[in-house]
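Take a look at the structure below.
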Amino acid sequence: MGRQPVVLDTDDSVAVLEGETRVSLSQAWRECVRFGSRFSSYRQQVARATAGLPCVREQGALFMGSGDFHHLSLALVERCIKDYGFSESNGLRLVVLDNHPDNMRFPWGIHCGSWVAHAAKLKGIAHIHVIGITSGDLGAAHAWEHHLSALFKGRITYWCTGVNTRWASRIGLSQRFRQFDSEEALVAAAVSELSSDRTATYLSIDKDVFAPDVVRTNWDQGQMRCEQFDALVAALSGTLVGSDVTGEISTWHYKAAWKRWLSAADGQDTGASHAELSEWQHQQALFNQHIVATLERAWRCN
């Protein structure tokens with residue numbers, strides 16, 4: 001076995017993985033960081049969490065629990081850029097598999113739906129592809145919520161199905177919104193583009209990109225199938241230098257009222273029964289094993 005998986009244990013939702021390194025985090029840490037936080041708190045808490053992680057070049061996929069923690073990816077991407085020495089002239093490609101753009105406005109700091117906007121500002125990033133979006137976040141009603149500057153600058157490309165994105169064409173962003181009639185067409189086009197570019201790649205996976213019958217999460221979900229995921233990872237073969245995985249299913253009652261309000265407004269589903277939660281977490285555990293095995297074939301030789 002090559003690179004060993006890492007579990008950043010944010011919510012007790014990630015089942016044991018063979019050969020794993022696990023870093024457990026306190027309840028106070030979880031409440032502070034989950035869903036979102038001020039940038040000062042984020043930086044402080046992330047530094048604590050990542051202090052015990054293996055060397056970037058040695059670790060495999062890093063599993064970090066619910067999609068509520070997807071903003072941790074920003075720090076992990078920064079860590080990867082620093083370790084490998086990526087720069088403006090030799091940038092890292094960031095591929096995000098997600099049902100949401102994660103490029104939305106959040107003026108109070110950073111949260112799980114805004115981290116891509118911050119990643120787009122990093123000099124070590126060559127380009128960001130967000131693949132698999134079916135969320136209404138791309139609709140005209142939410143246009144004002146996006147960080148459009150990163151799209152106009154050509155830093156981010158959205159790959160989506162089932163969303164009316166005509167508004168983007170009217171303001172000159174048609175090349176940044178890759179719209180397809182089906183998930184099959186989207187994946188075929190993405191595979192073609194990703195495989196033709198051998199740029200070093202960081203892959204961030206939010207499992208809400210998958211159809212609910214593949215794996216269940218606590219956010220609204222997309223349409224991707226397991227075999228389509230396999231094809232996308234195969235397209236990255238030999239280029240992968242880092243990866244993280246979110247989208248486990250877990251529940252949490254926020255102490256902070258603003259987190260309760262905003263997570264509810266964003267459509268987060270926290271109503272799973274104990275029996276459903278147990279069944280879905282078992283399904284997640286099996287799927288995580290598949291993710292580890294699939295990524296194993298894509299890592300770049302350092």
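Every chain in the structure tokens has a letter given in the order shown (A, B, ...), and although residue numbers restart at 1 in each chain, ligands are simply numbered from 1 in the order shown.
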
Using only C-alpha atoms, tabulate the residues of stretch 108-176 of chain A lying at most 9 Å from any atom of stretch 202-210 of chain A, each with its closest atom pair and that distance in Å to one decimal, by chain and increasing residue number, as JSON lines.
```
{"residue": "A:Ile131", "atom": "CA", "partner": "A:Val209", "partner_atom": "CA", "distance": 8.3}
{"residue": "A:Gly132", "atom": "CA", "partner": "A:Val209", "partner_atom": "CA", "distance": 5.9}
{"residue": "A:Ile133", "atom": "CA", "partner": "A:Val209", "partner_atom": "CA", "distance": 7.0}
{"residue": "A:Thr134", "atom": "CA", "partner": "A:Val209", "partner_atom": "CA", "distance": 8.3}
```

For the residues in that selection, give me C-alpha atoms as a PDB file, in the first residue's frame.
```
ATOM      1  CA  ILE A 131     -17.355  19.799 -11.093  1.00  0.00           C
ATOM      2  CA  GLY A 132     -20.794  18.244 -10.633  1.00  0.00           C
ATOM      3  CA  ILE A 133     -22.938  21.203  -9.545  1.00  0.00           C
ATOM      4  CA  THR A 134     -26.704  20.714  -9.728  1.00  0.00           C
TER       5      THR A 134
END
```

Discussion item. Neighbouring residues of stretch 12-26 of chain A were defined as those with any atom within 10 Å, considering only C-alpha atoms; residues of the same chain fewer than 3 positions away were excluded. Please report them as a PyMOL selection string.
Written reply: chain A and resi 1+3-9+29-32+45+48-54+59-66+246-251+277-278+281-282+284-286+288-289+292

Worksheet item: At what distance in Å, to one decimal, does atom CA of A:Val214 lie from atom CA of A:Ala231?
Response: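 Interatomic distance here is 15.6 Å.
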
Worksheet item: Hey, what does DSSP flag as strand (DSSP E) within stretch 217-296 of chain A? Can you give it to me as number ranges by chain?
Response: A: 240-246

Discussion item. I need the residues of stretch 96-264 of chain A that end up classed as alpha helix (DSSP H) by DSSP on the backbone, written out as a PyMOL selection string.
Written reply: chain A and resi 115-119+148-152+166-170+183-195+226-235+257-264

May I have a table of the residues of stretch 199-250 of chain A lying at most 9 Å from stretch 76-87 of chain A, giving each one's closest pair of atoms and their distance in Å to one decimal, counting only C-alpha atoms, ordered by chain and ascending residue number, as CSV?
```
residue,atom,partner,partner_atom,distance
A:Tyr202,CA,A:Val77,CA,7.3
A:Val241,CA,A:Cys80,CA,7.8
A:Gly242,CA,A:Cys80,CA,6.9
A:Ser243,CA,A:Leu76,CA,8.6
A:Asp244,CA,A:Leu76,CA,8.1
```

Restrict the selected residues to N, CA, C and O atoms and save them as a short mmCIF file (atom, residue, chain, number, x, y, z; two decimals), in the first residue's frame.
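Dumped everything to out.cif:
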```
data_model
loop_
_atom_site.label_atom_id
_atom_site.label_comp_id
_atom_site.auth_asym_id
_atom_site.auth_seq_id
_atom_site.Cartn_x
_atom_site.Cartn_y
_atom_site.Cartn_z
N TYR A 202 -4.62 19.03 -6.95
CA TYR A 202 -5.19 18.74 -5.63
C TYR A 202 -6.67 18.47 -5.86
O TYR A 202 -7.37 19.27 -6.50
N VAL A 241 -1.35 15.26 -6.17
CA VAL A 241 -0.37 15.51 -5.11
C VAL A 241 -1.04 15.71 -3.75
O VAL A 241 -0.36 15.74 -2.72
N GLY A 242 -2.36 15.85 -3.72
CA GLY A 242 -3.07 16.02 -2.46
C GLY A 242 -4.56 15.82 -2.67
O GLY A 242 -5.07 16.02 -3.77
N SER A 243 -5.25 15.41 -1.60
CA SER A 243 -6.69 15.20 -1.71
C SER A 243 -7.34 15.23 -0.34
O SER A 243 -6.72 14.83 0.65
N ASP A 244 -8.55 15.74 -0.29
CA ASP A 244 -9.33 15.67 0.94
C ASP A 244 -10.75 15.25 0.61
O ASP A 244 -11.20 15.35 -0.54
#
```

Would you tabulate, counting only C-alpha atoms, all residues of stretch 96-148 of chain A that have an atom at most 12 Å from an atom of stretch 169-190 of chain A, showing the closest pair of atoms and their distance in Å to one decimal, sorted by chain then ascending number, as CSV?
```
residue,atom,partner,partner_atom,distance
A:Val96,CA,A:Ala190,CA,11.8
A:Leu97,CA,A:Val187,CA,11.0
A:Asn99,CA,A:Glu183,CA,11.8
A:Pro101,CA,A:Phe177,CA,10.8
A:His127,CA,A:Arg176,CA,11.3
A:Ile128,CA,A:Arg176,CA,10.5
A:His129,CA,A:Ala190,CA,9.2
A:Val130,CA,A:Phe177,CA,9.9
A:Ile131,CA,A:Ala190,CA,7.9
A:Gly132,CA,A:Glu183,CA,7.5
A:Ile133,CA,A:Gln179,CA,9.5
A:Thr134,CA,A:Glu183,CA,9.4
A:Leu138,CA,A:Phe177,CA,9.0
A:Gly139,CA,A:Phe177,CA,11.2
A:Ala140,CA,A:Arg170,CA,10.9
A:Ala143,CA,A:Ile171,CA,10.8
A:Leu148,CA,A:Leu173,CA,9.1
```

Worksheet entry | Contact residues around A:Ala235 with only C-alpha atoms at 10 Å, ignoring same-chain residues under 2 positions, as a PyMOL selection string | chain A and resi 190-198+229-233+237-239+298

Restricting the output to all heavy atoms, write the selected residues as a CSV table (one decimal), in the first residue's frame.
```csv
chain,number,residue,atom,x,y,z
A,190,ALA,N,-15.4,16.6,-18.9
A,190,ALA,CA,-14.4,16.9,-17.8
A,190,ALA,C,-13.2,15.9,-17.9
A,190,ALA,O,-12.1,16.3,-17.8
A,190,ALA,CB,-15.1,16.8,-16.5
A,191,VAL,N,-13.5,14.6,-18.2
A,191,VAL,CA,-12.4,13.6,-18.3
A,191,VAL,C,-11.5,14.0,-19.4
A,191,VAL,O,-10.3,13.9,-19.3
A,191,VAL,CB,-13.0,12.2,-18.5
A,191,VAL,CG1,-12.0,11.3,-19.1
A,191,VAL,CG2,-13.7,11.7,-17.2
A,192,SER,N,-12.1,14.4,-20.6
A,192,SER,CA,-11.3,14.8,-21.7
A,192,SER,C,-10.4,16.0,-21.4
A,192,SER,O,-9.2,16.0,-21.7
A,192,SER,CB,-12.2,15.2,-22.9
A,192,SER,OG,-11.5,15.7,-24.0
A,193,GLU,N,-10.9,17.0,-20.7
A,193,GLU,CA,-10.1,18.2,-20.4
A,193,GLU,C,-9.1,17.9,-19.3
A,193,GLU,O,-7.9,18.3,-19.4
A,193,GLU,CB,-11.0,19.4,-20.0
A,193,GLU,CG,-10.3,20.6,-19.6
A,193,GLU,CD,-11.1,21.9,-19.7
A,193,GLU,OE1,-12.1,21.9,-20.5
A,193,GLU,OE2,-10.8,22.8,-19.0
A,194,LEU,N,-9.5,17.2,-18.3
A,194,LEU,CA,-8.5,17.0,-17.2
A,194,LEU,C,-7.4,16.1,-17.6
A,194,LEU,O,-6.2,16.3,-17.2
A,194,LEU,CB,-9.3,16.3,-16.0
A,194,LEU,CG,-10.3,17.2,-15.3
A,194,LEU,CD1,-11.0,16.4,-14.2
A,194,LEU,CD2,-9.7,18.5,-14.8
A,195,SER,N,-7.7,15.1,-18.4
A,195,SER,CA,-6.6,14.1,-18.8
A,195,SER,C,-5.6,14.7,-19.8
A,195,SER,O,-4.5,14.2,-20.0
A,195,SER,CB,-7.3,12.9,-19.4
A,195,SER,OG,-8.0,13.2,-20.6
A,196,SER,N,-6.1,15.8,-20.5
A,196,SER,CA,-5.2,16.4,-21.5
A,196,SER,C,-4.2,17.4,-20.9
A,196,SER,O,-3.3,17.9,-21.6
A,196,SER,CB,-6.0,17.1,-22.6
A,196,SER,OG,-6.7,18.2,-22.0
A,197,ASP,N,-4.4,17.7,-19.6
A,197,ASP,CA,-3.5,18.7,-18.9
A,197,ASP,C,-2.8,17.9,-17.7
A,197,ASP,O,-3.5,17.4,-16.8
A,197,ASP,CB,-4.4,19.8,-18.3
A,197,ASP,CG,-3.6,20.9,-17.6
A,197,ASP,OD1,-2.4,20.7,-17.4
A,197,ASP,OD2,-4.3,21.9,-17.2
A,198,ARG,N,-1.5,17.9,-17.8
A,198,ARG,CA,-0.8,17.1,-16.8
A,198,ARG,C,-0.3,18.0,-15.6
A,198,ARG,O,0.7,17.6,-14.9
A,198,ARG,CB,0.4,16.4,-17.4
A,198,ARG,CG,0.1,15.6,-18.6
A,198,ARG,CD,-1.1,14.7,-18.4
A,198,ARG,NE,-0.8,13.7,-17.4
A,198,ARG,CZ,-1.7,13.0,-16.7
A,198,ARG,NH1,-3.0,13.2,-17.0
A,198,ARG,NH2,-1.4,12.1,-15.8
A,229,PHE,N,-17.2,8.9,-11.0
A,229,PHE,CA,-16.1,9.3,-10.1
A,229,PHE,C,-14.8,8.6,-10.5
A,229,PHE,O,-13.7,9.2,-10.6
A,229,PHE,CB,-16.5,9.1,-8.6
A,229,PHE,CG,-15.3,9.1,-7.7
A,229,PHE,CD1,-14.8,10.4,-7.3
A,229,PHE,CD2,-14.8,8.0,-7.1
A,229,PHE,CE1,-13.7,10.4,-6.4
A,229,PHE,CE2,-13.7,8.0,-6.2
A,229,PHE,CZ,-13.2,9.3,-5.9
A,230,ASP,N,-14.9,7.3,-10.7
A,230,ASP,CA,-13.7,6.5,-11.0
A,230,ASP,C,-13.1,7.1,-12.3
A,230,ASP,O,-11.8,7.2,-12.4
A,230,ASP,CB,-14.1,5.1,-11.2
A,230,ASP,CG,-14.5,4.4,-9.9
A,230,ASP,OD1,-14.4,5.0,-8.9
A,230,ASP,OD2,-15.0,3.3,-10.0
A,231,ALA,N,-13.9,7.5,-13.3
A,231,ALA,CA,-13.4,8.0,-14.6
A,231,ALA,C,-12.7,9.3,-14.4
A,231,ALA,O,-11.6,9.6,-15.0
A,231,ALA,CB,-14.5,8.1,-15.5
A,232,LEU,N,-13.2,10.2,-13.5
A,232,LEU,CA,-12.6,11.5,-13.2
A,232,LEU,C,-11.2,11.3,-12.5
A,232,LEU,O,-10.3,12.0,-12.9
A,232,LEU,CB,-13.5,12.3,-12.4
A,232,LEU,CG,-14.8,12.9,-13.1
A,232,LEU,CD1,-15.8,13.4,-12.1
A,232,LEU,CD2,-14.4,14.0,-14.1
A,233,VAL,N,-11.2,10.4,-11.6
A,233,VAL,CA,-9.9,10.2,-10.9
A,233,VAL,C,-8.9,9.6,-11.9
A,233,VAL,O,-7.7,9.9,-11.8
A,233,VAL,CB,-10.1,9.2,-9.7
A,233,VAL,CG1,-8.8,8.9,-9.0
A,233,VAL,CG2,-11.0,9.9,-8.6
A,237,SER,N,-4.7,10.6,-13.2
A,237,SER,CA,-3.7,9.6,-12.9
A,237,SER,C,-2.3,10.2,-13.1
A,237,SER,O,-2.0,10.8,-14.2
A,237,SER,CB,-3.9,8.4,-13.7
A,237,SER,OG,-2.9,7.4,-13.4
A,238,GLY,N,-1.4,10.1,-12.1
A,238,GLY,CA,-0.1,10.6,-12.2
A,238,GLY,C,0.1,12.1,-11.9
A,238,GLY,O,1.2,12.6,-12.0
A,239,THR,N,-1.0,12.8,-11.6
A,239,THR,CA,-0.9,14.2,-11.4
A,239,THR,C,-1.3,14.6,-9.9
A,239,THR,O,-1.0,15.7,-9.5
A,239,THR,CB,-1.8,15.0,-12.3
A,239,THR,OG1,-3.2,14.8,-12.0
A,239,THR,CG2,-1.5,14.7,-13.8
A,298,ALA,N,-3.9,7.1,-8.6
A,298,ALA,CA,-3.7,8.4,-9.3
A,298,ALA,C,-2.6,9.3,-8.7
A,298,ALA,O,-2.3,10.3,-9.3
A,298,ALA,CB,-5.0,9.2,-9.1
```

Item to complete: Could you check how far atom CA of A:Ala119 sits from atom CA of A:Leu236, in Å to one decimal?
Response: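 Calculated distance between atom CA of A:Ala119 and atom CA of A:Leu236 is 19.9 Å.
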